[in-house]
file work03.cif (mmCIF, C-alpha atoms)
data_my_file
#
loop_
_atom_site.label_atom_id
_atom_site.label_comp_id
_atom_site.auth_asym_id
_atom_site.auth_seq_id
_atom_site.Cartn_x
_atom_site.Cartn_y
_atom_site.Cartn_z
CA MET O 1 -89.53 14.40 0.62
CA SER O 2 -86.94 14.28 -2.15
CA VAL O 3 -83.46 15.64 -1.69
CA LYS O 4 -82.96 19.24 -2.88
CA ILE O 5 -79.97 19.74 -5.18
CA LEU O 6 -78.44 22.85 -6.73
CA VAL O 7 -76.65 22.44 -10.08
CA VAL O 8 -73.81 24.85 -10.81
CA GLU O 9 -72.79 24.33 -14.44
CA ASP O 10 -71.83 26.98 -16.96
CA GLU O 11 -72.74 24.97 -20.05
CA ARG O 12 -76.46 25.56 -20.34
CA ILE O 13 -77.30 22.40 -22.31
CA LEU O 14 -75.33 20.16 -19.96
CA ALA O 15 -77.04 21.81 -16.99
CA LEU O 16 -80.51 21.14 -18.40
CA SER O 17 -79.58 17.57 -19.25
CA LEU O 18 -78.27 17.00 -15.74
CA LYS O 19 -81.42 18.55 -14.25
CA LYS O 20 -83.59 16.09 -16.19
CA LYS O 21 -81.44 13.16 -15.09
CA LEU O 22 -81.63 14.20 -11.45
CA GLU O 23 -85.40 14.63 -11.56
CA LYS O 24 -85.74 11.26 -13.23
CA LEU O 25 -83.69 9.77 -10.37
CA GLY O 26 -86.13 11.28 -7.88
CA PHE O 27 -84.23 14.39 -6.73
CA THR O 28 -85.55 17.95 -6.67
CA VAL O 29 -83.41 20.50 -8.51
CA THR O 30 -83.69 23.87 -6.72
CA GLY O 31 -81.93 25.67 -9.57
CA THR O 32 -79.36 25.55 -12.36
CA VAL O 33 -76.92 28.44 -12.26
CA SER O 34 -73.78 29.19 -14.21
CA THR O 35 -71.61 31.40 -11.95
CA GLY O 36 -70.28 31.26 -8.41
CA GLU O 37 -72.10 34.46 -7.48
CA GLU O 38 -75.45 33.02 -8.65
CA ALA O 39 -74.69 29.81 -6.76
CA MET O 40 -74.19 31.73 -3.51
CA GLU O 41 -77.45 33.61 -4.00
CA SER O 42 -79.39 30.48 -4.88
CA ALA O 43 -77.96 28.54 -1.95
CA GLN O 44 -78.99 31.29 0.44
CA GLN O 45 -82.55 31.42 -0.95
CA GLU O 46 -83.30 27.77 -1.69
CA GLN O 47 -81.13 26.06 0.95
CA PRO O 48 -80.26 22.95 -1.10
CA GLU O 49 -79.06 19.83 0.70
CA LEU O 50 -76.31 19.17 -1.82
CA VAL O 51 -74.54 21.05 -4.64
CA LEU O 52 -73.24 19.58 -7.89
CA MET O 53 -70.48 21.97 -8.84
CA ASP O 54 -68.66 22.33 -12.13
CA ILE O 55 -65.04 23.28 -11.43
CA VAL O 56 -64.70 25.59 -14.42
CA LEU O 57 -67.24 28.40 -14.22
CA LYS O 58 -67.97 31.74 -15.81
CA GLY O 59 -67.48 34.83 -13.69
CA GLU O 60 -64.86 35.78 -11.13
CA MET O 61 -65.09 32.72 -8.86
CA ASP O 62 -64.37 29.23 -10.13
CA GLY O 63 -66.11 26.14 -8.75
CA ILE O 64 -63.49 25.49 -6.08
CA GLU O 65 -63.65 29.00 -4.63
CA THR O 66 -67.46 28.87 -4.71
CA ALA O 67 -67.40 25.48 -2.97
CA LYS O 68 -65.16 26.82 -0.20
CA LEU O 69 -67.63 29.62 0.48
CA LEU O 70 -70.67 27.34 0.37
CA ILE O 71 -69.05 24.93 2.82
CA SER O 72 -67.95 27.62 5.23
CA LEU O 73 -71.21 29.57 5.14
CA TYR O 74 -73.85 26.86 4.81
CA ASN O 75 -72.06 23.54 5.46
CA ILE O 76 -73.53 22.06 2.26
CA PRO O 77 -71.86 18.93 0.84
CA ILE O 78 -70.31 19.47 -2.59
CA ILE O 79 -69.76 17.04 -5.46
CA TYR O 80 -67.50 18.32 -8.22
CA LEU O 81 -68.32 17.88 -11.90
CA THR O 82 -65.62 18.11 -14.50
CA ALA O 83 -64.58 16.90 -17.92
CA TYR O 84 -60.89 17.36 -17.42
CA ALA O 85 -58.73 18.87 -14.72
CA ASP O 86 -54.99 19.13 -14.31
CA ASP O 87 -53.23 17.90 -11.16
CA GLU O 88 -53.04 21.35 -9.65
CA THR O 89 -56.80 21.84 -10.01
CA ILE O 90 -57.49 18.43 -8.53
CA ASP O 91 -55.19 19.26 -5.59
CA ARG O 92 -57.05 22.53 -5.01
CA ALA O 93 -60.38 20.74 -5.21
CA ALA O 94 -59.23 18.02 -2.80
CA LYS O 95 -58.37 20.64 -0.17
CA THR O 96 -62.05 21.58 0.05
CA TYR O 97 -62.84 17.99 1.15
CA PRO O 98 -65.46 17.29 -1.52
CA TYR O 99 -67.97 14.51 -1.03
CA GLY O 100 -67.53 13.23 -4.57
CA TYR O 101 -66.05 13.85 -7.97
CA ILE O 102 -67.98 12.96 -11.14
CA MET O 103 -66.33 12.95 -14.55
CA LYS O 104 -68.30 14.07 -17.59
CA PRO O 105 -70.19 12.60 -19.36
CA TYR O 106 -72.36 11.64 -16.41
CA LYS O 107 -73.85 8.22 -16.02
CA ASP O 108 -77.13 7.90 -14.10
CA ARG O 109 -75.84 5.20 -11.76
CA GLU O 110 -72.67 7.15 -11.04
CA ILE O 111 -74.64 10.31 -10.23
CA LYS O 112 -77.06 8.45 -7.96
CA ALA O 113 -74.32 6.55 -6.12
CA ASN O 114 -72.23 9.68 -5.59
CA ILE O 115 -75.18 11.69 -4.30
CA GLU O 116 -76.35 8.99 -1.91
CA MET O 117 -72.84 8.41 -0.59
CA ALA O 118 -72.35 12.15 -0.11
CA LEU O 119 -75.63 12.58 1.77
CA HIS O 120 -74.89 9.56 3.93
CA LYS O 121 -71.39 10.78 4.74
CA HIS O 122 -72.63 14.28 5.52
CA GLN O 123 -75.33 12.92 7.82
CA ALA O 124 -72.78 10.73 9.62
CA GLU O 125 -70.53 13.74 10.13
CA LYS O 126 -73.41 15.75 11.55
CA GLU O 127 -74.17 12.90 13.97
CA GLN O 128 -70.54 12.90 15.07
CA VAL O 129 -70.92 16.56 15.95
CA MET O 130 -74.02 15.61 17.92
CA ASP O 131 -71.98 12.92 19.69
CA PHE O 132 -69.41 15.53 20.64
CA GLU O 133 -72.19 17.69 22.09
CA ASP O 134 -73.36 14.70 24.14
CA VAL O 135 -69.83 14.20 25.47
CA TYR O 136 -69.59 17.90 26.30
CA SER O 137 -72.88 17.69 28.15
CA GLU O 138 -71.66 14.65 30.11
CA VAL O 139 -68.41 16.38 31.04
CA THR O 140 -70.25 19.50 32.16
CA HIS O 141 -72.59 17.39 34.26
CA PHE O 142 -69.61 15.57 35.79
CA ILE O 143 -67.87 18.85 36.62
CA ASP O 144 -71.04 20.22 38.21
CA GLN O 145 -71.31 17.10 40.33
CA GLU O 146 -67.64 17.35 41.34
CA ALA O 147 -68.08 21.00 42.24
CA SER O 148 -70.98 19.99 44.42
CA THR O 149 -68.81 17.29 46.03
CA ILE O 150 -66.09 19.84 46.75
CA ARG O 151 -68.62 22.25 48.19
CA ASN O 152 -69.81 19.50 50.53
CA ALA O 153 -66.22 18.63 51.41
CA LEU O 154 -65.54 22.25 52.29
CA LYS O 155 -68.57 22.17 54.48
CA GLU O 156 -67.52 18.96 56.21
CA MET O 157 -63.77 19.55 56.46
CA TYR O 158 -63.81 23.20 57.30
CA SER O 159 -67.35 23.65 58.57
CA ILE O 160 -67.74 26.30 55.89
CA GLU O 161 -70.99 26.83 54.15
CA GLY O 162 -71.84 29.91 52.23
CA PRO O 163 -72.34 31.70 48.96
CA LEU O 164 -69.14 30.56 47.28
CA ASN O 165 -68.81 29.72 43.60
CA ILE O 166 -66.64 26.71 42.85
CA ASP O 167 -65.20 25.80 39.45
CA LEU O 168 -63.00 22.87 38.63
CA GLY O 169 -60.14 23.08 36.19
CA GLN O 170 -57.90 20.21 35.13
CA LYS O 171 -55.24 21.04 37.68
CA LYS O 172 -56.83 23.80 39.68
CA ILE O 173 -59.86 24.51 41.77
CA TYR O 174 -61.25 28.02 41.69
CA VAL O 175 -63.37 29.46 44.46
CA SER O 176 -64.86 32.93 44.17
CA ALA O 177 -67.13 35.16 46.21
CA ASP O 178 -68.87 38.49 45.70
CA ARG O 179 -66.86 40.98 47.77
CA ASN O 180 -69.93 43.22 48.19
CA ASN O 181 -71.83 40.42 49.89
CA LYS O 182 -70.88 40.57 53.57
CA GLU O 183 -71.60 36.91 54.20
CA ALA O 184 -69.68 35.81 51.10
CA TYR O 185 -66.77 38.05 52.12
CA ARG O 186 -66.65 36.60 55.64
CA VAL O 187 -66.89 32.99 54.45
CA PHE O 188 -64.24 33.56 51.79
CA PHE O 189 -61.59 34.78 54.24
CA GLU O 190 -62.58 32.12 56.73
CA LEU O 191 -61.84 29.61 53.97
CA VAL O 192 -58.48 31.28 53.21
CA GLN O 193 -57.41 30.79 56.82
CA LYS O 194 -58.56 27.20 56.95
CA VAL O 195 -56.91 26.07 53.72
CA MET O 196 -53.54 27.34 54.92
CA ALA O 197 -53.37 24.45 57.35
CA GLN O 198 -53.72 22.11 54.38
CA VAL O 199 -51.20 24.00 52.25
CA ILE O 200 -48.45 23.73 54.81
CA ASN O 201 -48.73 19.95 54.84
CA SER O 202 -48.71 19.55 51.08
CA ASP O 203 -46.87 20.60 47.97
CA SER O 204 -49.68 22.91 46.95
CA GLU O 205 -50.00 26.64 46.85
CA VAL O 206 -52.99 28.90 47.15
CA VAL O 207 -53.36 32.16 45.27
CA VAL O 208 -55.76 34.82 46.49
CA TYR O 209 -56.67 37.89 44.45
CA SER O 210 -59.46 40.25 43.59
CA LYS O 211 -61.00 40.52 40.15
CA GLY O 212 -63.55 43.29 39.78
CA ASP O 213 -66.20 42.68 42.41
CA GLU O 214 -65.04 39.14 43.03
CA LEU O 215 -62.59 37.67 45.49
CA CYS O 216 -60.89 34.66 43.99
CA LEU O 217 -58.93 31.77 45.41
CA GLU O 218 -57.06 29.16 43.38
CA PHE O 219 -55.77 25.85 44.71
CA ASN O 220 -52.83 24.72 42.61
CA ASN O 221 -51.69 21.15 43.04
CA LYS O 222 -48.06 21.09 41.91
CA MET S 1 -13.48 63.65 38.56
CA ASP S 2 -14.88 65.76 35.68
CA GLU S 3 -18.09 67.75 35.83
CA ASN S 4 -20.17 65.18 33.82
CA THR S 5 -19.16 62.30 36.07
CA GLN S 6 -20.01 64.38 39.10
CA LYS S 7 -23.48 65.18 37.62
CA GLN S 8 -24.16 61.52 36.81
CA GLY S 9 -23.17 60.57 40.32
CA ASN S 10 -25.62 63.08 41.73
CA ILE S 11 -28.44 61.74 39.47
CA ASP S 12 -27.74 58.13 40.53
CA SER S 13 -27.68 59.18 44.15
CA ASP S 14 -31.02 60.98 43.72
CA ILE S 15 -32.60 57.91 42.07
CA PHE S 16 -31.33 55.51 44.73
CA GLY S 17 -32.47 57.94 47.39
CA GLU S 18 -35.96 58.06 45.86
CA VAL S 19 -36.15 54.25 45.61
CA ASP S 20 -34.99 53.87 49.23
CA LYS S 21 -37.55 56.40 50.37
CA PHE S 22 -40.30 54.65 48.35
CA LEU S 23 -39.39 51.26 49.81
CA GLY S 24 -39.17 52.72 53.31
CA ASP S 25 -42.63 54.28 52.97
CA LYS S 26 -44.03 51.05 51.54
CA GLU S 27 -42.58 48.93 54.34
CA LYS S 28 -43.93 51.37 56.93
CA PHE S 29 -47.38 51.19 55.33
CA ILE S 30 -47.30 47.39 55.18
CA ARG S 31 -46.14 47.08 58.78
CA GLU S 32 -48.67 49.54 60.14
CA SER S 33 -51.72 49.06 57.93
CA VAL S 34 -51.46 45.63 56.30
CA ILE S 35 -49.90 43.63 59.13
CA GLY S 36 -50.66 45.88 62.07
CA ASN S 37 -48.34 46.91 64.90
CA ARG S 38 -50.17 44.81 67.48
CA ILE S 39 -49.61 41.62 65.52
CA ILE S 40 -45.98 42.51 64.86
CA ASN S 41 -45.43 42.88 68.58
CA GLU S 42 -47.03 39.50 69.22
CA LEU S 43 -45.10 37.65 66.51
CA GLU S 44 -41.52 36.86 67.30
CA ASP S 45 -40.59 34.67 64.39
CA PHE S 46 -41.28 36.45 61.14
CA THR S 47 -39.38 37.98 58.24
CA LEU S 48 -40.50 40.75 55.93
CA ASP S 49 -38.78 41.65 52.64
CA VAL S 50 -40.32 44.56 50.81
CA GLY S 51 -39.52 45.04 47.13
CA LEU S 52 -40.78 47.43 44.49
CA LYS S 53 -43.32 44.96 43.20
CA LYS S 54 -43.21 41.93 45.46
CA THR S 55 -43.18 41.60 49.21
CA TYR S 56 -42.36 38.38 51.03
CA LEU S 57 -43.59 37.59 54.49
CA CYS S 58 -42.66 34.32 56.20
CA VAL S 59 -43.79 33.06 59.59
CA GLY S 60 -42.85 29.94 61.54
CA ARG S 61 -45.55 27.35 61.04
CA ASP S 62 -45.81 26.73 64.76
CA SER S 63 -46.34 30.37 65.68
CA GLU S 64 -49.51 30.84 67.64
CA GLY S 65 -52.48 31.99 65.55
CA VAL S 66 -50.37 31.95 62.39
CA PHE S 67 -53.24 31.16 60.02
CA ALA S 68 -55.52 33.82 61.43
CA PHE S 69 -52.64 36.29 61.24
CA LEU S 70 -51.76 35.50 57.62
CA GLY S 71 -55.45 35.45 56.64
CA LYS S 72 -55.84 38.96 58.05
CA VAL S 73 -52.71 40.14 56.22
CA ILE S 74 -54.10 38.82 52.93
CA GLU S 75 -57.45 40.49 53.55
CA ASN S 76 -55.81 43.83 54.38
CA PHE S 77 -53.40 43.59 51.45
CA ILE S 78 -56.19 42.93 48.95
CA GLN S 79 -58.25 45.76 50.41
CA ALA S 80 -55.31 48.17 50.24
CA TYR S 81 -53.74 47.21 46.93
CA GLY S 82 -56.14 44.87 45.12
CA GLY S 83 -53.06 42.73 44.50
CA THR S 84 -52.37 39.01 44.47
CA ALA S 85 -51.31 36.93 47.47
CA THR S 86 -49.77 33.49 47.10
CA ILE S 87 -49.58 31.19 50.12
CA TYR S 88 -46.92 28.46 50.03
CA PRO S 89 -44.93 26.31 52.42
CA LYS S 90 -41.17 26.77 52.73
CA GLY S 91 -39.55 24.29 55.07
CA GLU S 92 -40.77 24.94 58.58
CA ARG S 93 -42.26 28.26 57.56
CA ILE S 94 -45.35 29.35 55.76
CA CYS S 95 -44.87 32.26 53.40
CA LEU S 96 -46.85 34.86 51.54
CA GLU S 97 -45.79 36.44 48.29
CA LEU S 98 -47.68 39.70 47.98
CA VAL S 99 -47.65 41.15 44.47
CA THR S 100 -48.56 44.80 44.19
CA PRO S 101 -50.31 45.74 40.95
CA LYS S 102 -48.50 48.23 38.70
CA ARG S 103 -51.00 51.01 39.21
CA ALA S 104 -50.54 51.02 42.98
CA ILE S 105 -47.74 52.79 44.81
#
call {"tool": "encode", "arguments": {"input": "work03.cif", "output": "structure tokens"}}
result
Amino acid sequence: MSVKILVVEDERILALSLKKKLEKLGFTVTGTVSTGEEAMESAQQEQPELVLMDIVLKGEMDGIETAKLLISLYNIPIIYLTAYADDETIDRAAKTYPYGYIMKPYKDREIKANIEMALHKHQAEKEQVMDFEDVYSEVTHFIDQEASTIRNALKEMYSIEGPLNIDLGQKKIYVSADRNNKEAYRVFFELVQKVMAQVINSDSEVVVYSKGDELCLEFNNK
Amino acid sequence: MDENTQKQGNIDSDIFGEVDKFLGDKEKFIRESVIGNRIINELEDFTLDVGLKKTYLCVGRDSEGVFAFLGKVIENFIQAYGGTATIYPKGERICLELVTPKRAI
């Protein structure tokens, strides 16, 4: 399926010419609009995969402001189109982290290369986000395993087994119990007594408090 | 001494008197209900400092049944005040810092 592109260009003839070029290069043009407001509406309805954005536009929003909104709302890669821009405009445009910048008049090869690079870069960035999610999943799995190890250690060291919740922080271990559950309540205070023997031989401290219906215990390793 | 100074002195005396009474009542409550008279009679080596917000209780680490005693104090304190208890070592003693929440008296 061909890539869907939205063209935002306020010069009607240039927009039509660009549309023809894009279609000839094998892309699908979801629309040609001339204002930022129309671009937002079209992006919401047609969900293009990339936007070619003229910096100077009719209406209240210029191309840079429109690009900022499109990126924040829909995470669509933007390539700017312009004939001329002063340094200040280029600086503003650069702050939106565009995926490309094409100077008018457009050359077919330049358009194609910019679009393909932008799509490739955007895809790579999305995969990096996926990688981060994988790492997060691994860390969560590790923490769950560690919590299970600590639960077993509590059972072995203190002969305590019961309905306790255990969470690991970077420097702390949190144990909590439902104070309305008699068994959890008993086991929790049994644990409090038993960890004191450990505290006195270490440089740690233990904090015990209630939080709503929960009894909480924190081990802090100083 | 003029009349204003005399009045201020009376106000200060009233405030200090109120604070002393509050601390006295709080210590009595902690001794009787949080620690328990029986345990106090059994423990020889312990110190209790009651403040407006924080109370410190330290017991010799070798005292008999010290962990059971401190565990019971924490349980009673949390039931009575819903506060926070911190257990920490201090030399040859093991101490509790009992923090009373603001809403409690």
call {"tool": "interface_residues", "arguments": {"input": "work03.cif", "of": "chain S", "to": "chain O", "cutoff": "10 Å", "atoms": "only C-alpha atoms", "output": "MDAnalysis selection string"}}
result
chainID S and resid 61 66:72 74:75 77:79 81:99
call {"tool": "atom_distance", "arguments": {"input": "work03.cif", "atom1": "CA of Val3 in chain O", "atom2": "CA of Glu49 in chain O"}}
result
6.5 Å
call {"tool": "resolve_selection", "arguments": {"input": "work03.cif", "expression": "the PyMOL selection byres ((chain S and resi 57) around 7)", "output": "list in words"}}
result
Thr47, Leu48, Asp49, Thr55, Tyr56, Cys58, Val59, Cys95, Leu96 and Glu97 of chain S
call {"tool": "atom_distance", "arguments": {"input": "work03.cif", "atom1": "CA of Leu52 in chain S", "atom2": "CA of Asp14 in chain S"}}
result
16.7 Å
call {"tool": "atom_distance", "arguments": {"input": "work03.cif", "atom1": "CA of Phe22 in chain S", "atom2": "CA of Ile40 in chain S"}}
result
21.3 Å
call {"tool": "residues_around", "arguments": {"input": "work03.cif", "residues": "Asn75 in chain O", "least_positions_apart": "3", "cutoff": "12 Å", "atoms": "only C-alpha atoms", "output": "list in words"}}
result
Ala43, Gln44, Gln47, Pro48, Glu49, Leu50, Val51, Ala67, Lys68, Leu69, Leu70, Ile71, Ser72, Ile78, Thr96, Tyr97, Pro98, Tyr99, His122, Gln123, Glu125 and Lys126 of chain O
call {"tool": "write_last_selection", "arguments": {"input": "work03.cif", "atoms": "C-alpha atoms", "output": "JSON list (two decimals), in the frame of the given file"}}
result
[["chain", "number", "residue", "atom", "x", "y", "z"],
["O", 43, "ALA", "CA", -77.96, 28.54, -1.95],
["O", 44, "GLN", "CA", -78.99, 31.29, 0.44],
["O", 47, "GLN", "CA", -81.13, 26.06, 0.95],
["O", 48, "PRO", "CA", -80.26, 22.95, -1.10],
["O", 49, "GLU", "CA", -79.06, 19.83, 0.70],
["O", 50, "LEU", "CA", -76.31, 19.17, -1.82],
["O", 51, "VAL", "CA", -74.54, 21.05, -4.64],
["O", 67, "ALA", "CA", -67.40, 25.48, -2.97],
["O", 68, "LYS", "CA", -65.16, 26.82, -0.20],
["O", 69, "LEU", "CA", -67.63, 29.62, 0.48],
["O", 70, "LEU", "CA", -70.67, 27.34, 0.37],
["O", 71, "ILE", "CA", -69.05, 24.93, 2.82],
["O", 72, "SER", "CA", -67.95, 27.62, 5.23],
["O", 78, "ILE", "CA", -70.31, 19.47, -2.59],
["O", 96, "THR", "CA", -62.05, 21.58, 0.05],
["O", 97, "TYR", "CA", -62.84, 17.99, 1.15],
["O", 98, "PRO", "CA", -65.46, 17.29, -1.52],
["O", 99, "TYR", "CA", -67.97, 14.51, -1.03],
["O", 122, "HIS", "CA", -72.63, 14.28, 5.52],
["O", 123, "GLN", "CA", -75.33, 12.92, 7.82],
["O", 125, "GLU", "CA", -70.53, 13.74, 10.13],
["O", 126, "LYS", "CA", -73.41, 15.75, 11.55]]
call {"tool": "closest_residue", "arguments": {"input": "work03.cif", "among": "O:Gly59, O:Gly31, O:Gly100, O:Pro163", "to": "Ala15 in chain O", "atoms": "only C-alpha atoms"}}
result
O:Gly31
call {"tool": "resolve_selection", "arguments": {"input": "work03.cif", "expression": "the PyMOL selection byres ((chain O and resi 29) around 8)", "output": "PDB file with C-alpha atoms, in the coordinates of the input"}}
result
ATOM      1  CA  LYS O   4     -82.960  19.240  -2.880  1.00  0.00           C
ATOM      2  CA  ILE O   5     -79.970  19.740  -5.180  1.00  0.00           C
ATOM      3  CA  LEU O   6     -78.440  22.850  -6.730  1.00  0.00           C
ATOM      4  CA  VAL O   7     -76.650  22.440 -10.080  1.00  0.00           C
ATOM      5  CA  LYS O  19     -81.420  18.550 -14.250  1.00  0.00           C
ATOM      6  CA  LEU O  22     -81.630  14.200 -11.450  1.00  0.00           C
ATOM      7  CA  GLU O  23     -85.400  14.630 -11.560  1.00  0.00           C
ATOM      8  CA  PHE O  27     -84.230  14.390  -6.730  1.00  0.00           C
ATOM      9  CA  THR O  28     -85.550  17.950  -6.670  1.00  0.00           C
ATOM     10  CA  THR O  30     -83.690  23.870  -6.720  1.00  0.00           C
ATOM     11  CA  GLY O  31     -81.930  25.670  -9.570  1.00  0.00           C
ATOM     12  CA  THR O  32     -79.360  25.550 -12.360  1.00  0.00           C
TER      13      THR O  32
END
call {"tool": "closest_residue", "arguments": {"input": "work03.cif", "among": "O:Val8, O:Leu25, O:Leu16, O:Ile173", "to": "Ala113 in chain O", "atoms": "all atoms listed in the file"}}
result
O:Leu25
call {"tool": "resolve_selection", "arguments": {"input": "work03.cif", "expression": "the PyMOL selection byres ((chain S and resi 27-35) around 8)", "output": "count of residues only"}}
result
14
call {"tool": "closest_residue", "arguments": {"input": "work03.cif", "among": "O:Asn220, O:Glu116, O:Glu41, O:Val56", "to": "Ser2 in chain O", "atoms": "all atoms listed in the file"}}
result
O:Glu116
